[in-house]
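Q: structure.cif is reproduced in full below (mmCIF, C-alpha atoms).
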data_upload
#
loop_
_atom_site.label_atom_id
_atom_site.label_comp_id
_atom_site.auth_asym_id
_atom_site.auth_seq_id
_atom_site.Cartn_x
_atom_site.Cartn_y
_atom_site.Cartn_z
CA MET H 1 237.75 50.27 296.72
CA GLU H 2 241.09 50.81 295.04
CA LEU H 3 241.09 51.98 291.44
CA GLY H 4 243.13 48.90 290.39
CA LYS H 5 240.64 46.51 291.94
CA LEU H 6 237.72 48.40 290.41
CA SER H 7 239.27 48.26 286.96
CA LYS H 8 239.98 44.52 287.42
CA LEU H 9 236.36 43.91 288.39
CA PHE H 10 235.12 45.99 285.47
CA PHE H 11 237.09 44.01 282.90
CA SER H 12 236.15 40.69 284.54
CA VAL H 13 232.46 41.65 284.24
CA ILE H 14 232.99 42.67 280.59
CA GLY H 15 234.68 39.30 279.87
CA GLY H 16 231.95 37.42 281.69
CA MET H 17 229.26 39.26 279.74
CA SER H 18 231.03 38.46 276.49
CA VAL H 19 231.06 34.73 277.28
CA LEU H 20 227.49 34.84 278.57
CA SER H 21 226.13 36.54 275.44
CA GLY H 22 228.06 34.01 273.33
CA ILE H 23 226.44 31.16 275.24
CA LEU H 24 223.00 32.74 274.76
CA ALA H 25 223.62 33.01 271.00
CA LEU H 26 224.68 29.35 270.95
CA ILE H 27 221.48 28.41 272.79
CA LEU H 28 219.52 30.27 270.10
CA ILE H 29 221.29 28.31 267.36
CA ASN H 30 220.60 25.03 269.16
CA ILE H 31 216.92 25.89 269.46
CA ALA H 32 216.76 26.86 265.78
CA VAL H 33 218.49 23.70 264.52
CA LEU H 34 216.75 21.25 266.83
CA THR H 35 213.23 22.64 266.61
CA GLY H 36 213.22 24.23 263.17
CA ILE H 37 212.07 27.57 264.62
CA ASN H 38 213.96 30.28 262.79
CA VAL H 39 215.42 32.44 265.52
CA ILE H 40 218.88 32.81 263.98
CA MET H 41 217.86 35.55 261.59
CA ASP H 42 216.41 37.63 264.43
CA ASP H 43 218.00 40.88 265.57
CA LEU H 44 218.62 39.24 268.93
CA TYR H 45 221.13 36.81 267.42
CA PHE H 46 223.05 39.56 265.66
CA SER H 47 223.04 41.74 268.80
CA LEU H 48 224.37 38.85 270.88
CA MET H 49 226.99 38.03 268.24
CA TRP H 50 228.34 41.59 268.13
CA MET H 51 228.19 41.89 271.91
CA THR H 52 230.20 38.68 272.31
CA PHE H 53 232.76 39.86 269.80
CA MET H 54 233.17 43.47 270.96
CA LEU H 55 233.15 42.74 274.71
CA GLY H 56 235.59 39.89 274.04
CA ILE H 57 237.99 42.30 272.35
CA ILE H 58 237.75 44.74 275.27
CA ALA H 59 238.27 42.00 277.85
CA VAL H 60 241.16 40.31 276.08
CA PHE H 61 243.71 43.10 276.79
CA PRO H 62 243.90 43.25 280.62
CA LYS H 63 245.66 40.22 282.07
CA SER H 64 243.00 39.69 284.73
CA SER H 65 240.15 39.20 282.26
CA ARG H 66 242.17 37.70 279.38
CA SER H 67 240.88 34.14 279.73
CA PHE H 68 237.22 35.26 279.63
CA GLY H 69 238.06 37.71 276.84
CA MET H 70 239.71 35.00 274.76
CA ARG H 71 236.73 32.70 275.21
CA GLY H 72 234.35 35.51 274.26
CA LEU H 73 236.41 36.51 271.25
CA LEU H 74 236.64 32.94 269.96
CA LEU H 75 232.90 32.48 270.51
CA GLY H 76 232.25 35.71 268.59
CA ILE H 77 234.39 34.50 265.68
CA TYR H 78 232.59 31.12 265.71
CA LEU H 79 229.18 32.81 265.70
CA PHE H 80 230.27 34.97 262.77
CA VAL H 81 231.59 31.91 260.84
CA PHE H 82 228.35 30.06 261.57
CA ILE H 83 226.13 32.81 260.25
CA SER H 84 228.36 33.31 257.20
CA VAL H 85 228.28 29.59 256.36
CA THR H 86 224.53 29.44 256.90
CA PHE H 87 224.02 32.46 254.67
CA ILE H 88 226.49 31.89 251.85
CA VAL H 89 226.62 28.08 251.55
CA GLY H 90 222.99 27.83 252.63
CA TRP H 91 221.99 30.14 249.80
CA TRP H 92 223.98 27.91 247.46
CA ILE H 93 222.27 24.65 248.49
CA TYR H 94 218.78 26.14 248.56
CA PRO H 95 217.94 26.77 244.92
CA PHE H 96 214.70 28.69 245.37
CA PRO H 97 214.28 32.46 245.48
CA MET Y 1 259.52 39.81 326.89
CA ASP Y 2 263.01 39.60 325.56
CA PRO Y 3 263.79 40.62 321.98
CA TYR Y 4 264.13 36.99 320.91
CA GLU Y 5 260.61 36.09 322.01
CA GLN Y 6 259.28 39.28 320.42
CA PHE Y 7 260.93 38.27 317.19
CA ILE Y 8 259.49 34.74 317.34
CA GLN Y 9 255.97 36.03 318.03
CA LYS Y 10 256.21 38.53 315.20
CA ALA Y 11 257.37 35.81 312.86
CA LYS Y 12 254.50 33.53 313.96
CA LYS Y 13 251.96 36.31 313.43
CA GLU Y 14 253.31 37.08 309.97
CA SER Y 15 253.33 33.40 309.06
CA LYS Y 16 249.69 33.04 310.18
CA GLU Y 17 248.66 36.08 308.15
CA MET Y 18 250.51 34.74 305.12
CA ASP Y 19 248.82 31.34 305.49
CA GLU Y 20 245.39 32.98 305.70
CA HIS Y 21 246.16 35.10 302.65
CA SER Y 22 247.48 32.12 300.70
CA GLU Y 23 244.44 30.04 301.70
CA LYS Y 24 242.14 32.79 300.44
CA LYS Y 25 244.09 33.01 297.20
CA THR Y 26 243.99 29.23 296.70
CA PHE Y 27 240.27 29.13 297.43
CA LYS Y 28 239.64 31.95 294.96
CA ALA Y 29 241.78 30.23 292.32
CA ILE Y 30 239.87 26.95 292.79
CA ARG Y 31 236.54 28.78 292.54
CA THR Y 32 237.62 30.60 289.36
CA SER Y 33 238.93 27.37 287.78
CA LYS Y 34 235.69 25.60 288.65
CA TRP Y 35 233.65 28.29 286.91
CA LYS Y 36 235.94 28.31 283.91
CA LEU Y 37 235.62 24.54 283.64
CA ILE Y 38 231.81 24.72 283.88
CA LEU Y 39 231.68 27.48 281.24
CA THR Y 40 234.04 25.60 278.91
CA THR Y 41 231.99 22.41 279.28
CA VAL Y 42 228.75 24.30 278.57
CA ILE Y 43 230.30 25.97 275.52
CA VAL Y 44 231.66 22.68 274.15
CA ILE Y 45 228.24 21.02 274.57
CA LEU Y 46 226.49 23.94 272.88
CA LEU Y 47 228.98 23.88 270.00
CA ILE Y 48 228.11 20.29 268.99
CA VAL Y 49 224.79 21.03 267.27
CA PRO Y 50 225.89 24.12 265.27
CA THR Y 51 229.09 22.39 264.16
CA CYS Y 52 227.14 19.33 262.99
CA PHE Y 53 224.71 21.66 261.20
CA MET Y 54 227.58 23.38 259.40
CA LEU Y 55 228.96 19.96 258.39
CA THR Y 56 225.50 19.08 257.04
CA ILE Y 57 225.41 22.28 254.99
CA PHE Y 58 228.91 21.57 253.64
CA TYR Y 59 227.86 18.01 252.76
CA TYR Y 60 224.85 19.20 250.74
CA ALA Y 61 226.98 21.88 249.08
CA PHE Y 62 230.11 19.90 248.22
CA GLY Y 63 229.23 16.21 248.76
CA THR Y 64 225.98 14.94 247.32
CA LYS Y 65 224.47 18.28 246.41
CA SER Y 66 220.96 19.11 247.54
CA THR Y 67 220.18 20.28 244.00
CA THR Y 68 221.36 16.92 242.62
CA LEU Y 69 219.04 15.09 245.01
CA MET Y 70 216.22 17.36 243.94
CA ASP Y 71 216.95 16.76 240.24
CA ILE Y 72 217.09 12.99 240.81
CA THR Y 73 213.75 13.13 242.60
CA SER Y 74 211.98 15.33 240.07
CA GLN Y 75 213.36 13.69 236.93
CA THR Y 76 212.58 10.24 238.28
CA GLN Y 77 208.97 11.35 238.70
CA TYR Y 78 208.78 12.52 235.09
CA ILE Y 79 209.90 9.18 233.65
CA THR Y 80 208.28 6.74 236.10
CA GLU Y 81 204.90 8.30 236.89
CA PRO Y 82 202.50 8.43 233.93
CA ASN Y 83 201.06 11.82 233.06
CA ILE Y 84 202.52 13.93 235.85
CA THR Y 85 204.23 17.27 236.01
CA LEU Y 86 205.91 19.21 238.82
CA GLU Y 87 206.07 22.88 239.65
CA GLU Y 88 209.23 24.58 240.86
CA LEU Y 89 207.54 26.76 243.43
CA GLN Y 90 205.77 23.77 244.90
CA PHE Y 91 209.11 22.32 246.02
CA ASP Y 92 210.08 22.86 249.61
CA MET Y 93 213.49 22.08 251.02
CA ASP Y 94 214.48 22.03 254.66
CA PHE Y 95 217.74 21.07 256.34
CA SER Y 96 218.33 19.66 259.80
CA LEU Y 97 221.16 17.66 261.37
CA PHE Y 98 222.65 15.40 258.66
CA SER Y 99 219.33 15.30 256.86
CA MET Y 100 217.27 17.07 254.26
CA LYS Y 101 213.53 17.20 253.76
CA LEU Y 102 212.15 17.60 250.27
CA ASP Y 103 208.43 18.14 249.77
CA PHE Y 104 206.69 18.63 246.45
CA ILE Y 105 203.35 18.37 244.71
CA GLN Y 106 202.59 16.28 241.63
CA TYR Y 107 200.13 17.54 239.03
CA LYS Y 108 198.16 15.72 236.36
CA GLN Y 109 196.64 16.98 233.15
CA ILE Y 110 193.00 15.92 232.97
CA GLY Y 111 191.23 17.45 230.03
CA LYS Y 112 192.89 20.79 229.43
CA GLU Y 113 193.56 21.62 233.05
CA ILE Y 114 196.32 20.69 235.46
CA TYR Y 115 195.22 19.36 238.85
CA PRO Y 116 197.31 18.73 241.99
CA VAL Y 117 197.10 15.00 242.65
CA LYS Y 118 199.76 13.93 245.12
CA GLU Y 119 201.78 15.56 247.90
CA TYR Y 120 205.15 13.99 248.56
CA GLU Y 121 207.16 14.35 251.75
CA THR Y 122 210.60 12.83 251.48
CA SER Y 123 213.39 12.74 254.05
CA PHE Y 124 217.00 12.06 253.21
CA LEU Y 125 219.63 11.10 255.77
CA LEU Y 126 222.65 12.47 253.91
CA ASN Y 127 221.94 10.90 250.50
CA ASN Y 128 219.80 7.95 251.61
CA LEU Y 129 216.06 8.19 251.34
CA MET Y 130 214.79 7.40 254.82
CA ASP Y 131 211.13 8.21 254.55
CA LYS Y 132 208.58 8.84 251.82
CA LYS Y 133 205.03 9.89 252.62
CA ILE Y 134 202.49 10.32 249.84
CA ASP Y 135 199.17 12.04 250.29
CA SER Y 136 197.14 11.15 247.22
CA LYS Y 137 194.04 12.98 246.04
CA LEU Y 138 193.53 10.54 243.18
CA GLU Y 139 190.26 8.66 242.86
CA LYS Y 140 191.87 5.90 240.82
CA THR Y 141 195.15 4.92 242.36
CA TYR Y 142 197.79 3.18 240.31
CA PRO Y 143 198.86 -0.20 241.84
CA LYS Y 144 201.04 0.58 244.84
CA TYR Y 145 203.11 -2.61 244.81
CA PRO Y 146 204.13 -3.37 241.22
CA THR Y 147 204.05 -6.92 239.88
CA GLN Y 148 204.77 -8.24 236.39
CA THR Y 149 201.12 -8.07 235.38
CA ASN Y 150 199.44 -5.26 237.35
CA PRO Y 151 200.58 -2.11 235.45
CA TRP Y 152 197.84 -0.25 233.60
CA LEU Y 153 200.12 0.26 230.60
CA VAL Y 154 200.62 -3.16 229.05
CA HIS Y 155 203.04 -4.45 226.42
CA PRO Y 156 201.23 -6.26 223.53
CA LYS Y 157 202.73 -9.59 224.62
CA ASN Y 158 202.27 -9.16 228.36
CA GLN Y 159 199.34 -10.25 230.52
CA TYR Y 160 197.21 -7.85 232.55
CA GLU Y 161 195.00 -7.94 235.62
CA PHE Y 162 192.25 -5.40 234.91
CA ASN Y 163 189.12 -5.97 232.86
CA SER Y 164 189.38 -3.69 229.84
CA ALA Y 165 185.78 -4.41 228.68
CA ASN Y 166 184.48 -3.22 232.06
CA GLU Y 167 186.55 -0.07 231.76
CA TRP Y 168 184.97 0.71 228.36
CA TRP Y 169 181.55 0.11 229.94
CA ILE Y 170 182.33 2.49 232.76
CA LEU Y 171 183.53 5.07 230.25
CA GLU Y 172 180.35 4.70 228.25
CA GLY Y 173 178.27 5.33 231.36
CA LEU Y 174 179.94 8.67 232.10
CA PRO Y 175 178.16 11.89 231.13
CA ASP Y 176 179.26 13.51 227.89
CA GLU Y 177 180.13 16.68 229.83
CA THR Y 178 183.16 15.08 231.39
CA VAL Y 179 186.81 14.85 230.49
CA VAL Y 180 188.79 11.73 231.30
CA GLU Y 181 192.30 10.39 231.58
CA ALA Y 182 192.76 6.96 230.01
CA TYR Y 183 195.64 4.48 229.94
CA ILE Y 184 195.66 3.01 226.45
CA SER Y 185 197.70 -0.09 225.66
CA LEU Y 186 198.42 -0.77 222.01
CA ASN Y 187 198.41 -3.91 219.87
CA GLU Y 188 201.85 -3.26 218.48
CA LEU Y 189 204.99 -1.24 219.00
CA THR Y 190 204.84 2.05 217.18
CA ASP Y 191 206.16 5.61 217.05
CA VAL Y 192 204.68 8.22 219.37
CA GLU Y 193 204.09 10.56 216.42
CA GLN Y 194 202.06 7.84 214.73
CA VAL Y 195 199.92 7.47 217.86
CA GLN Y 196 199.38 11.24 218.02
CA LYS Y 197 198.19 11.19 214.42
CA LEU Y 198 195.80 8.32 215.12
CA PHE Y 199 194.44 9.87 218.32
CA GLU Y 200 193.82 13.31 216.87
CA ASN Y 201 190.95 14.57 219.05
CA VAL Y 202 192.54 13.81 222.39
CA ASP Y 203 195.82 14.87 224.03
CA VAL Y 204 198.48 12.19 224.28
CA THR Y 205 200.15 13.25 227.53
CA TRP Y 206 202.64 10.47 228.30
CA ALA Y 207 204.11 7.61 226.30
CA THR Y 208 205.88 4.47 227.45
CA VAL Y 209 209.16 3.50 225.86
CA TYR Y 210 209.87 -0.13 225.03
CA THR Y 211 213.21 -0.96 226.63
CA GLY Y 212 213.33 -4.70 225.98
CA LEU Y 213 212.01 -5.65 229.43
CA GLU Y 214 208.29 -4.92 229.24
CA GLU Y 215 207.15 -8.19 227.64
CA LYS Y 216 207.44 -9.75 231.09
CA ASN Y 217 208.24 -6.67 233.18
CA GLU Y 218 211.25 -8.50 234.49
CA SER Y 219 214.97 -7.89 234.54
CA ALA Y 220 217.92 -9.62 236.18
CA GLU Y 221 217.34 -7.36 239.22
CA GLY Y 222 213.65 -8.30 239.53
CA ILE Y 223 210.30 -6.74 238.65
CA VAL Y 224 210.38 -3.60 236.53
CA SER Y 225 207.56 -1.20 235.64
CA PRO Y 226 206.86 0.91 232.56
CA ILE Y 227 208.94 4.02 232.02
CA GLY Y 228 208.32 6.78 229.52
CA TYR Y 229 208.17 10.51 228.98
CA PRO Y 230 205.66 13.34 228.67
CA VAL Y 231 204.63 13.90 225.08
CA GLY Y 232 203.06 17.31 224.81
CA ARG Y 233 204.87 20.62 224.65
CA ASP Y 234 206.00 21.51 228.15
CA THR Y 235 206.42 25.18 229.02
CA THR Y 236 206.86 24.93 232.77
CA ASN Y 237 210.23 26.33 233.82
CA TRP Y 238 210.91 23.42 236.08
CA SER Y 239 210.42 20.63 233.56
CA PRO Y 240 213.47 18.94 232.00
CA PHE Y 241 211.30 18.74 228.87
CA LYS Y 242 210.86 22.52 228.66
CA ASP Y 243 211.71 23.70 225.13
CA SER Y 244 213.06 20.22 224.41
CA VAL Y 245 213.48 19.71 220.66
CA SER Y 246 213.30 15.94 221.04
CA HIS Y 247 211.53 14.52 224.06
CA GLU Y 248 213.07 11.11 223.25
CA GLN Y 249 216.55 12.59 223.49
CA THR Y 250 215.71 14.34 226.77
CA PHE Y 251 214.32 11.05 228.07
CA LEU Y 252 217.59 9.31 227.23
CA GLU Y 253 219.59 12.13 228.85
CA ILE Y 254 217.52 11.72 232.02
CA LEU Y 255 218.21 7.97 232.07
CA GLU Y 256 221.93 8.66 231.69
CA PHE Y 257 221.83 11.32 234.42
CA LEU Y 258 220.01 8.95 236.79
CA ALA Y 259 222.22 5.92 236.11
CA PRO Y 260 224.94 6.79 238.67
CA TYR Y 261 222.23 7.46 241.27
CA GLU Y 262 220.06 4.46 240.43
CA GLN Y 263 219.51 3.39 244.04
CA ILE Y 264 218.25 6.84 245.07
CA ALA Y 265 216.07 7.06 241.95
CA THR Y 266 214.59 3.61 242.64
CA ASP Y 267 213.86 4.53 246.27
CA VAL Y 268 212.20 7.78 245.22
CA SER Y 269 210.10 6.10 242.53
CA SER Y 270 207.21 3.71 243.03
CA HIS Y 271 209.10 1.07 241.03
CA LYS Y 272 210.92 -1.91 242.50
CA ASN Y 273 213.78 -1.73 240.01
CA LEU Y 274 214.71 0.68 237.26
CA ALA Y 275 217.39 -1.42 235.46
CA LEU Y 276 218.67 1.81 233.93
CA GLN Y 277 221.88 0.54 232.35
CA LYS Y 278 220.12 -2.22 230.40
CA ARG Y 279 217.38 0.13 229.29
CA ILE Y 280 219.84 2.79 228.16
CA GLU Y 281 221.74 0.23 226.09
CA TYR Y 282 218.54 -1.14 224.56
CA VAL Y 283 217.14 2.28 223.64
CA LYS Y 284 220.46 3.38 222.15
CA GLN Y 285 220.57 0.25 220.01
CA HIS Y 286 216.92 -0.07 218.99
CA GLY Y 287 215.55 3.46 219.15
CA PHE Y 288 212.28 4.67 220.62
CA GLN Y 289 209.06 2.75 220.26
CA THR Y 290 205.98 2.91 222.41
CA TYR Y 291 203.50 0.21 223.41
CA ALA Y 292 201.11 2.24 225.57
CA VAL Y 293 200.18 5.86 226.12
CA VAL Y 294 198.18 8.01 228.50
CA VAL Y 295 195.58 10.19 226.83
CA THR Y 296 193.18 12.79 228.10
CA GLY Y 297 190.21 14.36 226.44
CA PRO Y 298 186.40 14.55 226.24
CA LYS Y 299 184.73 11.31 227.27
CA ALA Y 300 183.11 10.89 223.86
CA GLU Y 301 186.42 11.29 222.02
CA VAL Y 302 188.21 8.79 224.25
CA GLU Y 303 185.30 6.40 223.74
CA LYS Y 304 185.82 6.60 219.98
CA LEU Y 305 189.35 5.22 220.42
CA GLN Y 306 187.81 1.79 221.04
CA GLN Y 307 187.16 1.57 217.31
CA ASN Y 308 190.81 2.19 216.55
CA GLU Y 309 192.55 -1.01 215.48
CA ILE Y 310 195.75 -0.18 217.26
CA VAL Y 311 194.04 0.00 220.67
CA ARG Y 312 194.25 -3.20 222.67
CA LEU Y 313 193.28 -2.27 226.23
CA MET Y 314 191.96 0.71 228.15
CA LYS Y 315 192.11 1.50 231.83
CA LEU Y 316 190.18 4.52 232.98
CA GLY Y 317 192.04 7.05 235.10
CA GLU Y 318 190.71 10.30 236.56
CA VAL Y 319 187.45 11.92 235.53
CA LYS Y 320 186.68 15.65 235.79
CA LEU Y 321 183.89 17.98 234.75
CA TRP Y 322 184.14 19.48 231.27
CA ASN Y 323 187.12 21.82 230.83
CA TRP Y 324 187.96 21.06 227.20
CA VAL Y 325 188.81 23.90 224.84
CA ASN Y 326 190.08 23.43 221.34
#
For this file, write the structure as structure tokens.
A:
Amino acid sequence: MELGKLSKLFFSVIGGMSVLSGILALILINIAVLTGINVIMDDLYFSLMWMTFMLGIIAVFPKSSRSFGMRGLLLGIYLFVFISVTFIVGWWIYPFP
Amino acid sequence: MDPYEQFIQKAKKESKEMDEHSEKKTFKAIRTSKWKLILTTVIVILLIVPTCFMLTIFYYAFGTKSTTLMDITSQTQYITEPNITLEELQFDMDFSLFSMKLDFIQYKQIGKEIYPVKEYETSFLLNNLMDKKIDSKLEKTYPKYPTQTNPWLVHPKNQYEFNSANEWWILEGLPDETVVEAYISLNELTDVEQVQKLFENVDVTWATVYTGLEEKNESAEGIVSPIGYPVGRDTTNWSPFKDSVSHEQTFLEILEFLAPYEQIATDVSSHKNLALQKRIEYVKQHGFQTYAVVVTGPKAEVEKLQQNEIVRLMKLGEVKLWNWVN
């Protein structure tokens, strides 16, 4: 396989993984909110969030994987905003130690 | 084959190859677009719940605050439920989509000890109370559906539904080694301090406040029930009466705090109407006078109150084994 094609495939896989990990993190949030089971504060959520964000950044530069990369990056930012809001504002509305 | 035919064939071959290549490219593009569309749809669907949850959190932080709802709930309990107290750490708050759950435990002083008596589970949809479940451990339950004449704390001019003589009989039959909670209705309006002086060997835990409506327990809005405030010194961190110099003043402040949220307070309470504005105006104009109190103490000491001229009626509340210490 040509080097160009290989690099294209590599970045496409990175972009795809970014979006996929973002979707998995979103599924975790949905489970937590709808069932009340606290899975958001698990390490898994934070790992998925960082994976979405970092892989999104990597995949956003090459033209071939840019659309996946953008989706991953935006998902990563959303996941970060969600956890920040839940932490900071959540701490504010929950008056107990 | 002449050069012209060769040229034509070459052109045909190239055109066919180009078509095949273009077809492959188009097919690949369609496949990629299809996947992108599926992914985008999945992402949009998965974003609905977290976004709604964030909106809920923002609502309880900047709209009707969760802490305000909690204060309304707890302070309403203090002024509408005779002889109860709440504990901060027994409050539990939980948020889900556009709703908030607030659970807490009510305590009662019987004798010298505090006992858990009721577990409340309330659910708010934004700021509307949607559900209220009460798990009561009380042996004597206060009338669930208030009428003009069924409260246990009775104004001197109002009628009542219980048999006070029977209650005194029941009290007499209890062993001396018990402590009791009793709802004492008075013959006249008086100051709480005066009542405390008259009832010196028992604890006066809660006193009603006459607000101009209790003669018939009726207001323009409908049936009202007695309201009042805890009398004794309250040291629990949670209580609005903690370190309060004047419990009457704190009571009035609670009424004024609850007035803008009267509907929520009414829903949270066991009363049909609170008529807060009228009551605030009356108390501000006429001051604080009580017509009935809740007392707790040794059975024998409560029994002695029958001889007191100011006592009109007695309804026996909870009874516990001796825990009295002076």
Q: Taking the file as shown, what set of residues would the PyMOL selection byres ((chain H) within 10 of (chain Y)) give back, as a PyMOL selection string?
A: chain H and resi 16+19-20+22-36+67-68+71+75+78-79+81-83+85-86+89-97
Q: Counting only C-alpha atoms, which residues have an atom no more than 7 Å from (237.4, 37.8, 272.8) in the file's coordinates? Please list them as a PyMOL selection string.
A: chain H and resi 53+55-57+59-60+69-74+76
Q: Could you tell me how far CA of Lys108 (chain Y) sits from CA of Val319 (chain Y), in Å to one decimal place?
A: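 Going from CA of Val319 (chain Y) over to CA of Lys108 (chain Y), I get 11.4 Å.
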Q: Might you spell out which residues the PyMOL selection byres ((chain Y and resi 298) around 10) would select in the displayed file, as a VMD selection string?
A: chain Y and resid 110 to 112 175 to 181 201 to 203 296 to 297 299 to 303 319 to 325
Q: Skip region 162-168 of chain Y itself and residues of its chain fewer than 5 positions away, then list as a list in words all residues within 7 Å of it, counting all atoms listed in the file.
A: Leu313, Met314, Lys315 and Leu316 of chain Y
Q: Just the number, please: distance in Å from CA of Met100 (chain Y) to CA of Leu255 (chain Y), one decimal.
A: 24.0 Å
Q: Hey, what comes out of the PyMOL selection byres ((chain H and resi 11) around 8) on this file? Could you write it as JSON, numbers by chain?
A: {"H": [7, 8, 9, 10, 12, 13, 14, 15, 58, 59, 62, 64, 65]}
Q: Extract, using all atoms listed in the file, all DNA, RNA and protein residues at most 10 Å from Thr236 (chain Y), discarding same-chain residues fewer than 3 positions from it, and format them as a ChimeraX atom specification.
A: /Y:85-88,233,239-243
Q: Around (203.5, 14.6, 255.3) in the file's frame, which residues reach within 9 Å when counting only C-alpha atoms? Return as a ChimeraX atom specification?
A: /Y:103,119-122,132-135
Q: Sorted by chain and rising residue number, list the residues of region 1-90 of chain Y at most 7 Å from region 261-267 of chain Y (counting all atoms listed in the file), each with its closest atom pair and distance in Å to one decimal, as a Markdown table.
A:
| residue | atom | partner | partner_atom | distance |
| --- | --- | --- | --- | --- |
| Y:Ile72 | CA | Y:Ala265 | CA | 6.1 |
| Y:Thr73 | CA | Y:Ala265 | CA | 6.5 |
| Y:Thr76 | CA | Y:Ala265 | CA | 6.0 |
Q: Find the residue from Y:Lys10, Y:Thr290, Y:Arg312, Y:Lys101 that sits nearest to Gln196 (chain Y); use only C-alpha atoms when measuring.
A: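 Ranked by minimum distance to Gln196 (chain Y), first place goes to Y:Thr290.
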Q: Could you tell me how far CA of Pro3 (chain Y) sits from CA of Ser15 (chain Y), in Å to one decimal place?
A: 18.1 Å
Q: Name all residues at most 10 Å from Leu213 (chain Y) (count all atoms listed in the file; drop same-chain ones fewer than 5 positions away) and give them as an MDAnalysis selection string.
A: chainID Y and resid 155 218:220 223:226 275 278:279 282
Q: Could you name the residues that touch Pro146 (chain Y) at 7 Å or less, counting all atoms listed in the file, but leaving out those on the same chain fewer than 3 positions away, as a list of chain:residue names?
A: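 Once the nearby chain positions are removed, what remains is Y:Pro143, Y:Asn150, Y:Pro151, Y:Ser225, Y:His271.
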